[in-house]
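Below: one structure, written as structure tokens.
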Amino acid sequence: MRILFIGDVVGRTGREAVASRLPALRSQLRIDLAVVNAENASHGFGLSPEMAKMLLAAGADVITLGNHAWDRKEIIPYFAETDRVIRPLNYPPGTPGGGSVVVTLSDGRRAVVLNAMGRLFMDPLDCPFRGTAAELARHRLGVTVQAIVADFHAEASSEKMAYGHSFDGQVSLVVGTHTHCPTADAQILPNGTAYLTDVGMSGDYDSVIGMAKEGAATRFWRKLPGERLAPAEGEATVCGVYVETDDRTGLAVRIEPVRIGGRLAPAMPERP
Ligand SMILES: [Fe+2]
Ligand SMILES: [Fe+2]
């Protein structure tokens, strides 16, 4: 299975870049499953149903979220309309929405996408490790589903690496989101799980993690509440990761970064 995961869409520039690039990326890389983290799509904070529909129409099979899941309240009733937008699974029981979804591809293959959130330097939630283990107990990789993608939305690289190794061999891909800076450690772990500590954001990198740099820096210089942060609006770099798996095992055989447009050095898999 050919999987594309695109990192945190930030603001209008991120939305427009992902929506305009995704159709060509899907065909060029012959993508079977595309997942987009869109927790920052709405002016940096949350995701509206209209934006979700736009990203799904552009070719996202599943949209994941994170700590900004609830910033646009309109997403809550929308969870009842679609199972293709998921939020971290380790929110307390009774929280709206789901933390995972099973997607059936047009050729009948099945994939699970799940979203979990870390707890180090983040709001306290239920345990993401135990929550993920409980979700994985419902599936058998390579038997009941051909691929499992885990978006681990977390601040600390240590927690992300611990999570990746914990589920090595049980999922196809563990990809980190939330820090908005792509890391250079894409690899296949010893038991066959593709891993990347952070995929990076899809936004303007002439910024402080996607937000206009002047206001963001002032917050560090002065301990006064500054003006409301707004997204930087220059050309976005679309940041993602490309993974190929073996359907018989569900494990990864290839992982490569994808970066297009904007300020970051480009990256694109050759001969997919
Ligand atoms: Fe984010
Ligand atoms: Fe986040």
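Lettering and numbering for the structure tokens are positional, with chains as A, B, ... in the shown order, residues counted from 1 in each chain, and ligands counted from 1 in the shown order.
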
Report the closest atom pair, with its distance in Å rounded to one decimal, for each residue of chain A that has an atom no farther than 8 Å from ligand 2; count only C-alpha atoms and all ligand atoms, sort by chain and then rising residue number, and write it as JSON lines.
```
{"residue": "A:Asp8", "atom": "CA", "partner": "ligand 2", "partner_atom_place_in_ligand_line": "1 (Fe)", "distance": 7.9}
{"residue": "A:Glu39", "atom": "CA", "partner": "ligand 2", "partner_atom_place_in_ligand_line": "1 (Fe)", "distance": 6.7}
{"residue": "A:Asn40", "atom": "CA", "partner": "ligand 2", "partner_atom_place_in_ligand_line": "1 (Fe)", "distance": 7.6}
{"residue": "A:Leu65", "atom": "CA", "partner": "ligand 2", "partner_atom_place_in_ligand_line": "1 (Fe)", "distance": 7.7}
{"residue": "A:Gly66", "atom": "CA", "partner": "ligand 2", "partner_atom_place_in_ligand_line": "1 (Fe)", "distance": 5.0}
{"residue": "A:Asn67", "atom": "CA", "partner": "ligand 2", "partner_atom_place_in_ligand_line": "1 (Fe)", "distance": 4.9}
{"residue": "A:His68", "atom": "CA", "partner": "ligand 2", "partner_atom_place_in_ligand_line": "1 (Fe)", "distance": 5.9}
{"residue": "A:His153", "atom": "CA", "partner": "ligand 2", "partner_atom_place_in_ligand_line": "1 (Fe)", "distance": 6.4}
{"residue": "A:Ala154", "atom": "CA", "partner": "ligand 2", "partner_atom_place_in_ligand_line": "1 (Fe)", "distance": 7.2}
{"residue": "A:Glu155", "atom": "CA", "partner": "ligand 2", "partner_atom_place_in_ligand_line": "1 (Fe)", "distance": 8.0}
{"residue": "A:Thr177", "atom": "CA", "partner": "ligand 2", "partner_atom_place_in_ligand_line": "1 (Fe)", "distance": 7.0}
{"residue": "A:His178", "atom": "CA", "partner": "ligand 2", "partner_atom_place_in_ligand_line": "1 (Fe)", "distance": 3.9}
{"residue": "A:Thr179", "atom": "CA", "partner": "ligand 2", "partner_atom_place_in_ligand_line": "1 (Fe)", "distance": 6.9}
```

Could you report the residues within 12 Å of ligand 1, using only C-alpha atoms and all ligand atoms, as a compact mmCIF listing (two decimals) with C-alpha atoms, in the first residue's frame?
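Result file follows (result_6.txt):
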```txt
# COMPACT_ATOMS: atom_id res chain seq x y z
CA ILE A 6 0.72 15.29 5.39
CA GLY A 7 1.50 17.29 8.52
CA ASP A 8 -0.35 20.02 10.34
CA VAL A 9 -2.11 22.30 7.86
CA VAL A 10 -1.70 25.86 9.17
CA GLY A 11 -4.06 28.62 8.08
CA GLY A 14 -1.46 25.76 4.31
CA VAL A 36 -3.84 14.93 6.58
CA ASN A 37 -3.46 16.44 10.04
CA ALA A 38 -5.56 19.61 9.99
CA GLU A 39 -5.73 20.73 13.64
CA ASN A 40 -4.43 24.21 12.71
CA ALA A 41 -6.29 24.71 9.43
CA SER A 42 -8.58 27.45 10.72
CA HIS A 43 -6.34 30.50 11.23
CA GLY A 44 -3.98 28.28 13.23
CA PHE A 45 -6.67 27.08 15.61
CA GLY A 46 -8.95 24.16 14.84
CA LEU A 47 -10.81 22.96 11.79
CA THR A 64 -6.51 13.79 12.05
CA LEU A 65 -6.45 16.43 14.77
CA GLY A 66 -4.66 17.18 18.05
CA ASN A 67 -4.74 19.59 20.97
CA HIS A 68 -6.46 22.18 18.76
CA ALA A 69 -9.32 19.80 17.91
CA MET A 117 -1.81 12.52 21.88
CA ASP A 151 -0.55 9.85 14.13
CA PHE A 152 1.09 10.52 17.50
CA HIS A 153 0.50 14.15 18.30
CA ALA A 154 3.11 15.07 20.88
CA GLU A 155 5.65 17.67 21.94
CA GLY A 176 4.67 12.43 14.84
CA THR A 177 2.79 15.69 14.49
CA HIS A 178 2.39 18.89 16.59
CA THR A 179 5.90 20.42 16.70
CA HIS A 180 5.56 21.84 13.16
CA CYS A 181 9.25 21.20 12.40
CA PRO A 182 10.12 18.19 10.22
CA ASP A 198 7.73 14.80 13.31
CA VAL A 199 6.45 15.24 9.79
CA GLY A 200 6.45 19.06 10.02
CA MET A 201 3.65 21.49 9.23
CA SER A 202 2.17 22.49 5.93
CA GLY A 203 2.48 26.23 6.36
CA VAL A 208 7.31 30.78 14.51
CA ILE A 209 5.78 27.33 13.96
CA GLY A 210 3.40 28.82 11.40
CA MET A 211 2.40 31.99 13.24
CA PRO A 231 -0.77 32.65 10.88
```

(message) as a VMD selection string, please: the residues near Ile31 in chain A (cut-off 6 Å, only C-alpha atoms, same-chain neighbours under 5 positions excluded).
(response) chain A and resid 2 to 3 26

(request) For each of A:Gly131, A:Pro124, A:Gly250, A:Pro266, take the minimum atom-to-atom distance to Val145 in chain A, counting only C-alpha atoms, then give the residue where this is smallest. (result)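 For Val145 in chain A, the nearest of the given residues is A:Gly250.
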
(request) Please provide the set of residues having any atom within 9 Å of Asn191 in chain A, restricted to only C-alpha atoms, with same-chain residues fewer than 6 positions apart removed, written as a PyMOL selection string. (result) chain A and resi 165+168-170+251

Would you put the residues from that selection into a file with all heavy atoms, as a CSV table (one decimal), in the first residue's frame?
```
chain,number,residue,atom,x,y,z
A,165,HIS,N,8.7,2.8,19.2
A,165,HIS,CA,9.3,1.5,19.6
A,165,HIS,C,8.3,0.6,20.3
A,165,HIS,O,8.3,-0.6,20.1
A,165,HIS,CB,10.6,1.7,20.5
A,165,HIS,CG,11.7,2.2,19.7
A,165,HIS,ND1,12.3,1.5,18.7
A,165,HIS,CD2,12.4,3.4,19.8
A,165,HIS,CE1,13.4,2.2,18.2
A,165,HIS,NE2,13.4,3.3,18.8
A,168,ASP,N,6.4,-1.0,17.4
A,168,ASP,CA,7.1,-1.5,16.3
A,168,ASP,C,6.7,-2.9,16.0
A,168,ASP,O,6.8,-3.8,16.9
A,168,ASP,CB,8.6,-1.4,16.7
A,168,ASP,CG,9.5,-1.8,15.5
A,168,ASP,OD1,9.0,-1.9,14.4
A,168,ASP,OD2,10.7,-2.1,15.7
A,169,GLY,N,6.3,-3.1,14.7
A,169,GLY,CA,5.9,-4.4,14.3
A,169,GLY,C,4.4,-4.6,14.4
A,169,GLY,O,3.8,-5.6,13.9
A,170,GLN,N,3.7,-3.7,15.1
A,170,GLN,CA,2.2,-3.8,15.2
A,170,GLN,C,1.5,-2.8,14.3
A,170,GLN,O,0.3,-2.9,14.1
A,170,GLN,CB,1.8,-3.5,16.7
A,170,GLN,CG,2.4,-4.5,17.7
A,170,GLN,CD,1.9,-4.1,19.1
A,170,GLN,OE1,0.7,-4.1,19.3
A,170,GLN,NE2,2.8,-3.8,19.9
A,251,LEU,N,3.7,-4.4,7.1
A,251,LEU,CA,4.8,-3.6,7.6
A,251,LEU,C,5.5,-2.8,6.4
A,251,LEU,O,5.2,-3.0,5.2
A,251,LEU,CB,5.8,-4.6,8.1
A,251,LEU,CG,5.3,-5.3,9.4
A,251,LEU,CD1,6.3,-6.5,9.8
A,251,LEU,CD2,5.1,-4.4,10.5
```

(message) I'd like the neighbourhood of Gly262 in chain A as number ranges by chain, where a residue qualifies if any of its atoms comes within 9 Å (using only C-alpha atoms), though same-chain residues fewer than 2 positions away should be ignored.
(response) A: 203-205, 234-238, 259-260, 264-266

(request) Rank nothing, just name the residue among A:Gly226, A:Pro23, A:Gly164, A:Gly98 nearest to Tyr195 in chain A, using only C-alpha atoms. (result) A:Gly164
